[in-house]
Amino acid sequence: MGLLIVAGVAVLGVTIAERLSPIAGGGAPVTVALPAGARLIQAVPGDGILSLQLETASGPLVLVVDVASGLVVREIHLEPAP
């Protein structure tokens, strides 16, 4: 019985520590594929996301990346107003 209590407290402690961790994904390296020839202008962190402002051959582009997975969740192509 005592062993179950100790194991339960250990699981609870690990779960709390993981949820309070400021780094999503455990800090593992993530690779984001950028368009060929793109130049990074600015990177802005958000709540679990990273916005990358790029200059590409076809014009300015913003990629919104999920920090935990490295997946691009949105591409925003910027065009001048007519």
# chains A, B, ... in the order shown; residues from 1 in each chain; ligands from 1

call {"tool": "residues_around", "arguments": {"residues": "stretch 49-53 of chain A", "least_positions_apart": "5", "cutoff": "9 Å", "atoms": "only C-alpha atoms", "output": "list in words"}}
result
Arg39, Leu40, Ile41, Gln42, Ala43, Val44, Pro60, Leu61, Val62, Leu63, Val64, Val65, Asp66, Val67 and Ala68 of chain A

call {"tool": "atom_distance", "arguments": {"atom1": "atom CA of A:Val73", "atom2": "atom CA of A:Ala28"}}
result
18.9 Å

call {"tool": "residues_around", "arguments": {"residues": "stretch 56-58 of chain A", "least_positions_apart": "5", "cutoff": "8 Å", "atoms": "only C-alpha atoms", "output": "PyMOL selection string"}}
result
chain A and resi 35+37-39

call {"tool": "atom_distance", "arguments": {"atom1": "atom CA of A:Thr15", "atom2": "atom CA of A:Val72"}}
result
27.8 Å

call {"tool": "atom_distance", "arguments": {"atom1": "atom CA of A:Ala81", "atom2": "atom CA of A:Leu54"}}
result
18.9 Å
